[in-house]
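Listing of protein35.cif, mmCIF, C-alpha atoms
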```cif
data_final
#
loop_
_atom_site.label_atom_id
_atom_site.label_comp_id
_atom_site.auth_asym_id
_atom_site.auth_seq_id
_atom_site.Cartn_x
_atom_site.Cartn_y
_atom_site.Cartn_z
CA MET A 1040 111.32 109.33 102.72
CA VAL A 1041 112.46 110.95 105.96
CA SER A 1042 113.75 114.50 106.13
CA SER A 1043 114.92 116.87 108.86
CA VAL A 1044 113.07 120.13 109.42
CA ASP A 1045 115.69 121.91 107.30
CA GLY A 1046 115.43 119.39 104.46
CA ALA A 1047 118.37 117.04 105.05
CA ILE A 1048 117.77 113.35 104.34
CA ALA A 1049 120.83 111.88 106.05
CA ILE A 1050 123.15 112.20 109.02
CA ASP A 1051 126.65 110.88 108.34
CA GLY A 1052 125.44 109.44 105.05
CA VAL A 1053 122.48 107.39 106.31
CA SER A 1054 118.88 108.15 107.23
CA GLY A 1055 118.72 106.13 110.47
CA GLY A 1056 119.60 109.06 112.73
CA LEU A 1057 116.55 110.99 111.56
CA GLY A 1058 113.98 108.31 112.36
CA GLY A 1059 112.38 107.17 115.57
CA PRO A 1060 109.82 104.61 116.78
CA GLY A 1061 106.95 106.31 114.95
CA ASP A 1062 108.88 106.49 111.69
CA ALA A 1063 109.86 102.81 112.00
CA LEU A 1064 106.22 101.81 112.44
CA ALA A 1065 105.08 103.98 109.52
CA PHE A 1066 107.89 102.55 107.39
CA ARG A 1067 106.83 98.96 108.09
CA ALA A 1068 103.16 99.76 107.45
CA ILE A 1069 103.92 101.39 104.09
CA ARG A 1070 106.09 98.44 103.08
CA ALA A 1071 103.20 96.13 103.98
CA SER A 1072 101.00 97.92 101.43
CA CYS A 1073 103.15 97.48 98.32
CA ASP A 1074 104.09 94.77 95.82
CA TRP A 1075 107.63 95.92 95.02
CA ILE A 1076 110.22 97.92 96.95
CA LEU A 1077 112.37 99.82 94.45
CA VAL A 1078 115.72 101.33 95.40
CA ALA A 1079 118.80 102.59 93.59
CA ALA A 1080 122.05 100.72 94.15
CA GLY A 1081 123.77 103.58 96.01
CA THR A 1082 121.06 103.65 98.67
CA ALA A 1083 121.00 99.85 98.87
CA ARG A 1084 124.74 99.91 99.59
CA ALA A 1085 124.70 102.81 102.07
CA GLU A 1086 121.68 101.57 104.03
CA ARG A 1087 122.76 97.90 103.92
CA TYR A 1088 119.46 96.66 102.50
CA ARG A 1089 118.09 93.25 103.41
CA ILE A 1090 115.44 90.98 101.91
CA PRO A 1091 112.04 92.45 102.95
CA ARG A 1092 110.40 90.39 105.66
CA PRO A 1093 106.95 91.52 106.87
CA ALA A 1094 106.69 92.34 110.56
CA PRO A 1095 103.98 90.49 112.51
CA GLU A 1096 102.26 93.70 113.64
CA VAL A 1097 101.41 94.68 110.04
CA ALA A 1098 99.96 91.32 108.99
CA GLU A 1099 96.46 92.82 109.12
CA ILE A 1100 97.49 95.49 106.60
CA ARG A 1101 98.63 92.88 104.11
CA GLU A 1102 95.43 90.91 104.61
CA ALA A 1103 93.28 94.03 104.13
CA THR A 1104 95.09 94.91 100.89
CA GLY A 1105 94.90 91.36 99.54
CA ARG A 1106 98.67 90.84 99.50
CA THR A 1107 99.48 87.25 100.32
CA ARG A 1108 103.23 87.45 99.77
CA ALA A 1109 105.90 89.77 101.08
CA ALA A 1110 106.94 92.64 98.86
CA ARG A 1111 109.95 91.87 96.68
CA LEU A 1112 113.07 94.01 96.47
CA ALA A 1113 114.15 95.51 93.14
CA VAL A 1114 117.49 97.32 92.78
CA VAL A 1115 118.13 99.57 89.79
CA THR A 1116 121.74 99.98 88.67
CA GLY A 1117 123.71 100.58 85.53
CA SER A 1118 127.09 99.46 86.87
CA VAL A 1119 125.93 96.53 89.08
CA ASP A 1120 128.36 97.82 91.70
CA LEU A 1121 126.95 95.55 94.40
CA ASP A 1122 129.06 93.46 96.76
CA PRO A 1123 127.91 89.84 97.30
CA ASP A 1124 128.59 90.42 101.02
CA LEU A 1125 125.72 92.94 101.28
CA PRO A 1126 122.99 91.62 103.62
CA MET A 1127 120.43 91.34 100.82
CA PHE A 1128 122.64 88.67 99.25
CA ALA A 1129 124.55 87.22 102.20
CA ASP A 1130 121.59 86.81 104.59
CA GLN A 1131 119.12 85.12 102.26
CA ALA A 1132 116.96 82.39 103.80
CA PRO A 1133 115.90 79.25 101.90
CA GLY A 1134 112.79 79.80 99.81
CA GLU A 1135 112.98 83.61 99.85
CA HIS A 1136 112.76 85.63 96.66
CA VAL A 1137 116.20 86.92 95.74
CA PRO A 1138 116.58 90.61 94.82
CA LEU A 1139 115.63 91.60 91.28
CA ILE A 1140 118.50 93.56 89.72
CA ILE A 1141 117.29 95.85 86.92
CA THR A 1142 120.17 96.97 84.76
CA GLY A 1143 121.07 97.89 81.19
CA ALA A 1144 121.82 95.76 78.16
CA THR A 1145 125.57 95.42 78.73
CA PRO A 1146 126.57 95.74 82.40
CA PRO A 1147 130.08 94.60 83.41
CA PRO A 1148 129.99 90.79 83.04
CA ASP A 1149 132.27 90.21 86.04
CA ARG A 1150 129.87 92.06 88.34
CA VAL A 1151 126.93 90.06 87.02
CA ALA A 1152 128.87 86.81 87.50
CA ALA A 1153 129.73 87.77 91.09
CA LEU A 1154 126.00 87.68 91.94
CA ASN A 1155 125.28 84.40 90.19
CA GLY A 1156 122.61 82.55 92.18
CA LEU A 1157 122.14 85.47 94.57
CA ALA A 1158 119.95 87.68 92.37
CA GLU A 1159 117.59 87.64 89.41
CA PHE A 1160 118.60 89.93 86.54
CA VAL A 1161 116.54 91.98 84.10
CA HIS A 1162 118.53 93.47 81.22
CA LEU A 1163 116.65 96.38 79.68
CA ASP A 1164 117.33 97.21 76.04
CA VAL A 1165 119.17 100.45 76.92
CA GLU A 1166 122.60 101.25 78.31
CA ARG A 1167 121.23 102.68 81.57
CA PRO A 1168 117.80 101.95 83.09
CA THR A 1169 115.21 104.69 82.74
CA PRO A 1170 112.35 105.27 85.19
CA GLU A 1171 109.71 104.54 82.54
CA LEU A 1172 111.23 101.17 81.59
CA VAL A 1173 111.87 100.16 85.21
CA ILE A 1174 108.30 100.87 86.32
CA ALA A 1175 106.91 99.15 83.22
CA GLU A 1176 108.95 96.04 84.04
CA LEU A 1177 107.67 95.95 87.62
CA HIS A 1178 104.08 96.44 86.47
CA ARG A 1179 104.59 93.50 84.13
CA ARG A 1180 105.62 91.50 87.18
CA GLU A 1181 102.38 92.19 89.08
CA GLY A 1182 103.67 95.44 90.54
CA ASN A 1183 100.41 97.31 91.01
CA VAL A 1184 101.93 99.31 93.89
CA VAL A 1185 105.65 100.15 93.64
CA LEU A 1186 107.28 101.77 96.66
CA ALA A 1187 110.33 103.83 95.71
CA GLU A 1188 112.73 104.36 98.62
CA GLY A 1189 115.42 106.49 96.97
CA GLY A 1190 118.04 107.59 96.76
CA PRO A 1191 117.43 111.24 96.00
CA SER A 1192 118.84 111.15 92.46
CA TRP A 1193 116.56 108.25 91.54
CA ASN A 1194 113.61 110.01 93.20
CA GLY A 1195 114.37 113.05 91.07
CA GLN A 1196 114.34 110.97 87.91
CA LEU A 1197 111.00 109.43 88.88
CA ALA A 1198 109.54 112.87 89.58
CA LYS A 1199 110.84 114.31 86.32
CA ALA A 1200 109.24 111.40 84.45
CA GLY A 1201 105.90 112.09 86.15
CA LEU A 1202 105.87 108.71 87.90
CA ILE A 1203 105.28 109.78 91.51
CA ASP A 1204 101.62 109.41 92.45
CA GLU A 1205 102.03 109.53 96.23
CA LEU A 1206 104.62 110.86 98.67
CA CYS A 1207 104.92 109.60 102.25
CA LEU A 1208 107.25 111.96 104.10
CA THR A 1209 108.40 111.86 107.72
CA ILE A 1210 109.54 115.29 108.94
CA SER A 1211 112.00 114.64 111.73
CA PRO A 1212 112.36 117.21 114.55
CA HIS A 1213 116.07 117.76 113.86
CA LEU A 1214 118.18 120.54 112.41
CA VAL A 1215 121.07 119.04 110.47
CA GLY A 1216 122.69 121.70 108.29
CA GLY A 1217 125.65 120.71 106.15
CA GLU A 1218 125.34 119.67 102.52
CA SER A 1219 122.86 116.80 102.66
CA LEU A 1220 120.65 116.55 99.58
CA GLY A 1221 116.88 116.94 99.64
CA ILE A 1222 114.51 114.11 98.76
CA LEU A 1223 114.84 114.77 94.99
CA GLY A 1224 118.57 115.46 94.95
CA THR A 1225 119.69 118.09 92.44
CA THR A 1226 117.41 117.06 89.58
CA ALA A 1227 115.69 120.04 87.96
CA ILE A 1228 111.91 119.44 87.86
CA SER A 1229 109.92 121.59 85.46
CA ALA A 1230 106.50 120.00 85.07
CA VAL A 1231 105.50 118.35 88.33
CA GLY A 1232 101.90 118.96 89.32
CA GLU A 1233 100.94 120.23 92.74
CA LEU A 1234 100.60 117.67 95.51
CA ARG A 1235 97.55 117.47 97.77
CA LEU A 1236 97.94 116.79 101.49
CA ASP A 1237 95.88 113.69 102.22
CA ARG A 1238 96.67 113.35 105.93
CA LEU A 1239 99.06 114.55 108.60
CA LEU A 1240 99.90 112.65 111.79
CA GLU A 1241 102.17 113.50 114.72
CA HIS A 1242 104.16 111.33 117.11
CA ASP A 1243 106.89 112.37 119.52
CA ASN A 1244 107.41 115.73 117.72
CA ALA A 1245 107.75 114.08 114.29
CA LEU A 1246 105.23 114.72 111.51
CA PHE A 1247 104.04 112.05 109.08
CA ALA A 1248 102.62 113.50 105.87
CA ARG A 1249 100.94 111.66 103.01
CA TYR A 1250 100.64 113.65 99.78
CA LEU A 1251 98.81 112.60 96.63
CA ARG A 1252 99.07 113.93 93.11
CA ALA A 1253 96.56 116.79 93.00
#
```

Let me see the file written as structure tokens.
Amino acid sequence: MVSSVDGAIAIDGVSGGLGGPGDALAFRAIRASCDWILVAAGTARAERYRIPRPAPEVAEIREATGRTRAARLAVVTGSVDLDPDLPMFADQAPGEHVPLIITGATPPPDRVAALNGLAEFVHLDVERPTPELVIAELHRREGNVVLAEGGPSWNGQLAKAGLIDELCLTISPHLVGGESLGILGTTAISAVGELRLDRLLEHDNALFARYLRA
């Protein structure tokens, strides 16, 4: 996640204005180290998500971690409110893995039909996906490392369920103000253990922190 100094995670609804060259490089490197990229539908819509394609400069990271294929994209949603014109559907290249849509047992059938051939569906045996069931499904699909990229409400659910083992946080040198949510949204967390700072880097006045579960 990326956050301003005063805790905002977006400018005008998206995170792009908070990042910079260092954040972009860190972002690509972290993506190169995972098996699945997990995001909630609202963030996928707002940020115009695309199919993950590894950048050439992080090929060595994938080789060092033994990952021979690009990370796959998984989108969690109860309503399947996803437009087929979104880049992750409209800009698919031949042979690429389509997004995995993780939803509940009975999502709106018209929304599922609209993505026919553009996505792979997993229907969990609940009305709305829960963090525990979503992570279990990705682990079943060789997801040893799952990278959660938000949004804040989904992050909060993951934290409340005790499923965050590591936090990579860019602290952007901006003051934003306004009503932007923090990285966990408004979810009340009562039993999250303390995090341990593993490393802290700096580039162009931005800080890059990696925290581990203490």

* To do: Determine the residue set returned by the PyMOL selection byres ((chain A and resi 1227) around 8) for the present structure, and present it as a ChimeraX atom specification.
  => /A:1195,1199,1225-1226,1228-1229

Can you spit out the residues from that selection as a short mmCIF file (atom, residue, chain, number, x, y, z; two decimals), keeping the file's coordinate frame, using C-alpha atoms?
```cif
data_model
loop_
_atom_site.label_atom_id
_atom_site.label_comp_id
_atom_site.auth_asym_id
_atom_site.auth_seq_id
_atom_site.Cartn_x
_atom_site.Cartn_y
_atom_site.Cartn_z
CA GLY A 1195 114.37 113.05 91.07
CA LYS A 1199 110.84 114.31 86.32
CA THR A 1225 119.69 118.09 92.44
CA THR A 1226 117.41 117.06 89.58
CA ILE A 1228 111.91 119.44 87.86
CA SER A 1229 109.92 121.59 85.46
#
```

Expand the PyMOL selection byres ((chain A and resi 1222) around 9) into the explicit residue set it covers here, and present it as a PDB file with C-alpha atoms, keeping the file's coordinate frame.
```
ATOM      1  CA  MET A1040     111.320 109.330 102.720  1.00  0.00           C
ATOM      2  CA  VAL A1041     112.460 110.950 105.960  1.00  0.00           C
ATOM      3  CA  SER A1042     113.750 114.500 106.130  1.00  0.00           C
ATOM      4  CA  GLY A1046     115.430 119.390 104.460  1.00  0.00           C
ATOM      5  CA  ALA A1047     118.370 117.040 105.050  1.00  0.00           C
ATOM      6  CA  ILE A1048     117.770 113.350 104.340  1.00  0.00           C
ATOM      7  CA  GLY A1189     115.420 106.490  96.970  1.00  0.00           C
ATOM      8  CA  GLY A1190     118.040 107.590  96.760  1.00  0.00           C
ATOM      9  CA  PRO A1191     117.430 111.240  96.000  1.00  0.00           C
ATOM     10  CA  SER A1192     118.840 111.150  92.460  1.00  0.00           C
ATOM     11  CA  ASN A1194     113.610 110.010  93.200  1.00  0.00           C
ATOM     12  CA  GLY A1195     114.370 113.050  91.070  1.00  0.00           C
ATOM     13  CA  LEU A1220     120.650 116.550  99.580  1.00  0.00           C
ATOM     14  CA  GLY A1221     116.880 116.940  99.640  1.00  0.00           C
ATOM     15  CA  LEU A1223     114.840 114.770  94.990  1.00  0.00           C
ATOM     16  CA  GLY A1224     118.570 115.460  94.950  1.00  0.00           C
TER      17      GLY A1224
END
```

* To do: Around the point (126.6, 87.9, 98.8) in the file's coordinates, collect all residues with an atom within 10 Å, using all atoms listed in the file, and return them as a list in words.
  => Leu1121, Asp1122, Pro1123, Asp1124, Leu1125, Pro1126, Met1127, Phe1128, Ala1129, Asp1130, Gln1131, Ala1153, Leu1154, Asn1155, Gly1156, Leu1157 and Ala1158 of chain A

Kindly save the residues from that selection, with C-alpha atoms included, as an mmCIF file, keeping the file's coordinate frame.
```cif
data_model
loop_
_atom_site.group_PDB
_atom_site.id
_atom_site.type_symbol
_atom_site.label_atom_id
_atom_site.label_comp_id
_atom_site.auth_asym_id
_atom_site.auth_seq_id
_atom_site.Cartn_x
_atom_site.Cartn_y
_atom_site.Cartn_z
ATOM 1 C CA LEU A 1121 126.950 95.550 94.400
ATOM 2 C CA ASP A 1122 129.060 93.460 96.760
ATOM 3 C CA PRO A 1123 127.910 89.840 97.300
ATOM 4 C CA ASP A 1124 128.590 90.420 101.020
ATOM 5 C CA LEU A 1125 125.720 92.940 101.280
ATOM 6 C CA PRO A 1126 122.990 91.620 103.620
ATOM 7 C CA MET A 1127 120.430 91.340 100.820
ATOM 8 C CA PHE A 1128 122.640 88.670 99.250
ATOM 9 C CA ALA A 1129 124.550 87.220 102.200
ATOM 10 C CA ASP A 1130 121.590 86.810 104.590
ATOM 11 C CA GLN A 1131 119.120 85.120 102.260
ATOM 12 C CA ALA A 1153 129.730 87.770 91.090
ATOM 13 C CA LEU A 1154 126.000 87.680 91.940
ATOM 14 C CA ASN A 1155 125.280 84.400 90.190
ATOM 15 C CA GLY A 1156 122.610 82.550 92.180
ATOM 16 C CA LEU A 1157 122.140 85.470 94.570
ATOM 17 C CA ALA A 1158 119.950 87.680 92.370
#
```

* To do: Spell out the residues picked by the PyMOL selection byres ((chain A and resi 1169-1174) around 9) here, as a ChimeraX atom specification.
  => /A:1115,1141-1142,1163,1165,1167-1168,1175-1179,1182,1185,1193,1196-1197,1200,1202

* To do: Have a look at A:Ala1065, A:Val1078, A:Ala1113, A:Ala1198 and name the one nearest to Glu1241 in chain A; count all atoms listed in the file.
  =>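 Selected residue with least distance to Glu1241 in chain A: A:Ala1065.
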
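Here CA of Gly1081 in chain A stands at a distance of 14.4 Å from CA of Leu1112 in chain A.
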
* Structure fact -> Min atom-atom distance to Leu1208 in chain A from the set A:Ile1090, A:Ala1110, A:Val1119, A:Ala1245, counting only C-alpha atoms, belongs to A:Ala1245

* From the set A:Glu1181, A:Glu1166, A:Glu1205, A:Glu1099, which residue has the shortest atom-to-atom contact distance to Ala1068 in chain A, counting all atoms listed in the file? -> A:Glu1099

* Asked: So what do you get for CA of Leu1240 in chain A versus CA of Leu1057 in chain A, distance-wise?
  -> 16.7 Å

* Grab the CA of Ala1071 in chain A to CA of Arg1101 in chain A distance for me, in Å with one decimal place. => 5.6 Å

* Structure fact -> Restricting to all atoms listed in the file, whichever of A:Leu1064, A:Phe1247, A:Ala1083, A:Ile1076 is closest to Pro1095 in chain A is A:Leu1064

Would you place a box with edges along x, y and z of the file around all atoms of range 1210-1213 of chain A listed there, add 5 Å to each of its six sides, and report the centre and edge lengths in Å to one decimal, as lines of an AutoDock Vina configuration file?
```
center_x = 112.8
center_y = 116.2
center_z = 111.7
size_x = 16.5
size_y = 13.1
size_z = 15.6
```

* Considering only C-alpha atoms, state which residue in the set A:Ala1079, A:Ile1210, A:Leu1236, A:Ala1187 is at the smallest distance from Gly1059 in chain A. => A:Ile1210

Taking only N, CA and C atoms, show range 1164-1202 of chain A of the given structure as a PDB file, in the first residue's frame.
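Contents of the output file decode39.pdb:
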```
ATOM      1  N   ASP A1164     -19.134 -21.405  -1.099  1.00  0.00           N
ATOM      2  CA  ASP A1164     -20.401 -21.871  -0.559  1.00  0.00           C
ATOM      3  C   ASP A1164     -20.917 -20.941   0.543  1.00  0.00           C
ATOM      4  N   VAL A1165     -20.899 -19.644   0.258  1.00  0.00           N
ATOM      5  CA  VAL A1165     -21.413 -18.605   1.157  1.00  0.00           C
ATOM      6  C   VAL A1165     -22.013 -17.515   0.279  1.00  0.00           C
ATOM      7  N   GLU A1166     -22.791 -16.621   0.885  1.00  0.00           N
ATOM      8  CA  GLU A1166     -23.385 -15.546   0.090  1.00  0.00           C
ATOM      9  C   GLU A1166     -22.338 -14.503  -0.312  1.00  0.00           C
ATOM     10  N   ARG A1167     -21.440 -14.171   0.623  1.00  0.00           N
ATOM     11  CA  ARG A1167     -20.373 -13.213   0.321  1.00  0.00           C
ATOM     12  C   ARG A1167     -19.034 -13.824   0.704  1.00  0.00           C
ATOM     13  N   PRO A1168     -18.007 -13.655  -0.103  1.00  0.00           N
ATOM     14  CA  PRO A1168     -16.701 -14.247   0.196  1.00  0.00           C
ATOM     15  C   PRO A1168     -16.131 -13.728   1.516  1.00  0.00           C
ATOM     16  N   THR A1169     -15.528 -14.620   2.264  1.00  0.00           N
ATOM     17  CA  THR A1169     -14.849 -14.249   3.503  1.00  0.00           C
ATOM     18  C   THR A1169     -13.339 -14.361   3.288  1.00  0.00           C
ATOM     19  N   PRO A1170     -12.552 -13.586   4.038  1.00  0.00           N
ATOM     20  CA  PRO A1170     -11.102 -13.661   3.867  1.00  0.00           C
ATOM     21  C   PRO A1170     -10.549 -15.076   4.039  1.00  0.00           C
ATOM     22  N   GLU A1171     -11.045 -15.805   5.031  1.00  0.00           N
ATOM     23  CA  GLU A1171     -10.530 -17.149   5.287  1.00  0.00           C
ATOM     24  C   GLU A1171     -10.757 -18.069   4.090  1.00  0.00           C
ATOM     25  N   LEU A1172     -11.955 -18.021   3.497  1.00  0.00           N
ATOM     26  CA  LEU A1172     -12.259 -18.896   2.374  1.00  0.00           C
ATOM     27  C   LEU A1172     -11.515 -18.471   1.112  1.00  0.00           C
ATOM     28  N   VAL A1173     -11.354 -17.164   0.930  1.00  0.00           N
ATOM     29  CA  VAL A1173     -10.634 -16.670  -0.256  1.00  0.00           C
ATOM     30  C   VAL A1173      -9.177 -17.102  -0.212  1.00  0.00           C
ATOM     31  N   ILE A1174      -8.511 -16.892   0.919  1.00  0.00           N
ATOM     32  CA  ILE A1174      -7.101 -17.267   1.036  1.00  0.00           C
ATOM     33  C   ILE A1174      -6.937 -18.774   0.926  1.00  0.00           C
ATOM     34  N   ALA A1175      -7.856 -19.536   1.517  1.00  0.00           N
ATOM     35  CA  ALA A1175      -7.782 -20.993   1.411  1.00  0.00           C
ATOM     36  C   ALA A1175      -7.891 -21.444  -0.040  1.00  0.00           C
ATOM     37  N   GLU A1176      -8.749 -20.792  -0.813  1.00  0.00           N
ATOM     38  CA  GLU A1176      -8.900 -21.138  -2.229  1.00  0.00           C
ATOM     39  C   GLU A1176      -7.622 -20.836  -3.011  1.00  0.00           C
ATOM     40  N   LEU A1177      -6.993 -19.717  -2.723  1.00  0.00           N
ATOM     41  CA  LEU A1177      -5.759 -19.372  -3.433  1.00  0.00           C
ATOM     42  C   LEU A1177      -4.609 -20.289  -3.020  1.00  0.00           C
ATOM     43  N   HIS A1178      -4.555 -20.665  -1.755  1.00  0.00           N
ATOM     44  CA  HIS A1178      -3.541 -21.643  -1.329  1.00  0.00           C
ATOM     45  C   HIS A1178      -3.751 -22.970  -2.048  1.00  0.00           C
ATOM     46  N   ARG A1179      -5.001 -23.347  -2.229  1.00  0.00           N
ATOM     47  CA  ARG A1179      -5.295 -24.591  -2.947  1.00  0.00           C
ATOM     48  C   ARG A1179      -4.815 -24.521  -4.385  1.00  0.00           C
ATOM     49  N   ARG A1180      -4.741 -23.311  -4.922  1.00  0.00           N
ATOM     50  CA  ARG A1180      -4.293 -23.105  -6.296  1.00  0.00           C
ATOM     51  C   ARG A1180      -2.824 -22.656  -6.330  1.00  0.00           C
ATOM     52  N   GLU A1181      -2.013 -23.252  -5.508  1.00  0.00           N
ATOM     53  CA  GLU A1181      -0.568 -23.010  -5.467  1.00  0.00           C
ATOM     54  C   GLU A1181      -0.239 -21.569  -5.092  1.00  0.00           C
ATOM     55  N   GLY A1182      -1.052 -20.977  -4.256  1.00  0.00           N
ATOM     56  CA  GLY A1182      -0.802 -19.614  -3.807  1.00  0.00           C
ATOM     57  C   GLY A1182      -0.026 -19.595  -2.507  1.00  0.00           C
ATOM     58  N   ASN A1183       1.265 -19.888  -2.568  1.00  0.00           N
ATOM     59  CA  ASN A1183       2.085 -19.862  -1.359  1.00  0.00           C
ATOM     60  C   ASN A1183       2.290 -18.430  -0.863  1.00  0.00           C
ATOM     61  N   VAL A1184       2.392 -17.479  -1.798  1.00  0.00           N
ATOM     62  CA  VAL A1184       2.522 -16.062  -1.437  1.00  0.00           C
ATOM     63  C   VAL A1184       1.396 -15.311  -2.133  1.00  0.00           C
ATOM     64  N   VAL A1185       0.501 -14.732  -1.340  1.00  0.00           N
ATOM     65  CA  VAL A1185      -0.637 -13.969  -1.859  1.00  0.00           C
ATOM     66  C   VAL A1185      -0.413 -12.507  -1.522  1.00  0.00           C
ATOM     67  N   LEU A1186      -0.393 -11.666  -2.534  1.00  0.00           N
ATOM     68  CA  LEU A1186      -0.202 -10.230  -2.361  1.00  0.00           C
ATOM     69  C   LEU A1186      -1.559  -9.537  -2.420  1.00  0.00           C
ATOM     70  N   ALA A1187      -1.986  -8.980  -1.288  1.00  0.00           N
ATOM     71  CA  ALA A1187      -3.259  -8.262  -1.230  1.00  0.00           C
ATOM     72  C   ALA A1187      -2.999  -6.779  -1.487  1.00  0.00           C
ATOM     73  N   GLU A1188      -3.711  -6.207  -2.456  1.00  0.00           N
ATOM     74  CA  GLU A1188      -3.482  -4.817  -2.849  1.00  0.00           C
ATOM     75  C   GLU A1188      -4.669  -3.907  -2.533  1.00  0.00           C
ATOM     76  N   GLY A1189      -5.556  -4.334  -1.627  1.00  0.00           N
ATOM     77  CA  GLY A1189      -6.655  -3.468  -1.241  1.00  0.00           C
ATOM     78  C   GLY A1189      -7.965  -3.870  -1.890  1.00  0.00           C
ATOM     79  N   GLY A1190      -8.960  -3.022  -1.753  1.00  0.00           N
ATOM     80  CA  GLY A1190      -8.919  -1.733  -1.101  1.00  0.00           C
ATOM     81  C   GLY A1190      -8.900  -1.812   0.417  1.00  0.00           C
ATOM     82  N   PRO A1191      -9.054  -0.637   1.044  1.00  0.00           N
ATOM     83  CA  PRO A1191      -8.926  -0.562   2.489  1.00  0.00           C
ATOM     84  C   PRO A1191      -9.930  -1.420   3.254  1.00  0.00           C
ATOM     85  N   SER A1192     -11.156  -1.507   2.785  1.00  0.00           N
ATOM     86  CA  SER A1192     -12.148  -2.334   3.489  1.00  0.00           C
ATOM     87  C   SER A1192     -11.747  -3.805   3.470  1.00  0.00           C
ATOM     88  N   TRP A1193     -11.249  -4.272   2.310  1.00  0.00           N
ATOM     89  CA  TRP A1193     -10.804  -5.657   2.210  1.00  0.00           C
ATOM     90  C   TRP A1193      -9.557  -5.869   3.058  1.00  0.00           C
ATOM     91  N   ASN A1194      -8.640  -4.902   3.064  1.00  0.00           N
ATOM     92  CA  ASN A1194      -7.471  -5.002   3.941  1.00  0.00           C
ATOM     93  C   ASN A1194      -7.900  -5.141   5.395  1.00  0.00           C
ATOM     94  N   GLY A1195      -8.895  -4.346   5.788  1.00  0.00           N
ATOM     95  CA  GLY A1195      -9.382  -4.420   7.162  1.00  0.00           C
ATOM     96  C   GLY A1195      -9.939  -5.782   7.505  1.00  0.00           C
ATOM     97  N   GLN A1196     -10.669  -6.379   6.565  1.00  0.00           N
ATOM     98  CA  GLN A1196     -11.196  -7.726   6.799  1.00  0.00           C
ATOM     99  C   GLN A1196     -10.070  -8.754   6.939  1.00  0.00           C
ATOM    100  N   LEU A1197      -9.037  -8.624   6.104  1.00  0.00           N
ATOM    101  CA  LEU A1197      -7.896  -9.531   6.199  1.00  0.00           C
ATOM    102  C   LEU A1197      -7.193  -9.377   7.546  1.00  0.00           C
ATOM    103  N   ALA A1198      -7.019  -8.126   7.986  1.00  0.00           N
ATOM    104  CA  ALA A1198      -6.356  -7.883   9.266  1.00  0.00           C
ATOM    105  C   ALA A1198      -7.181  -8.430  10.424  1.00  0.00           C
ATOM    106  N   LYS A1199      -8.480  -8.210  10.373  1.00  0.00           N
ATOM    107  CA  LYS A1199      -9.354  -8.686  11.450  1.00  0.00           C
ATOM    108  C   LYS A1199      -9.339 -10.207  11.545  1.00  0.00           C
ATOM    109  N   ALA A1200      -9.164 -10.858  10.382  1.00  0.00           N
ATOM    110  CA  ALA A1200      -9.122 -12.323  10.356  1.00  0.00           C
ATOM    111  C   ALA A1200      -7.734 -12.864  10.694  1.00  0.00           C
ATOM    112  N   GLY A1201      -6.769 -11.990  10.952  1.00  0.00           N
ATOM    113  CA  GLY A1201      -5.425 -12.420  11.306  1.00  0.00           C
ATOM    114  C   GLY A1201      -4.648 -12.984  10.139  1.00  0.00           C
ATOM    115  N   LEU A1202      -4.917 -12.500   8.918  1.00  0.00           N
ATOM    116  CA  LEU A1202      -4.325 -13.086   7.723  1.00  0.00           C
ATOM    117  C   LEU A1202      -3.250 -12.207   7.086  1.00  0.00           C
TER     118      LEU A1202
END
```
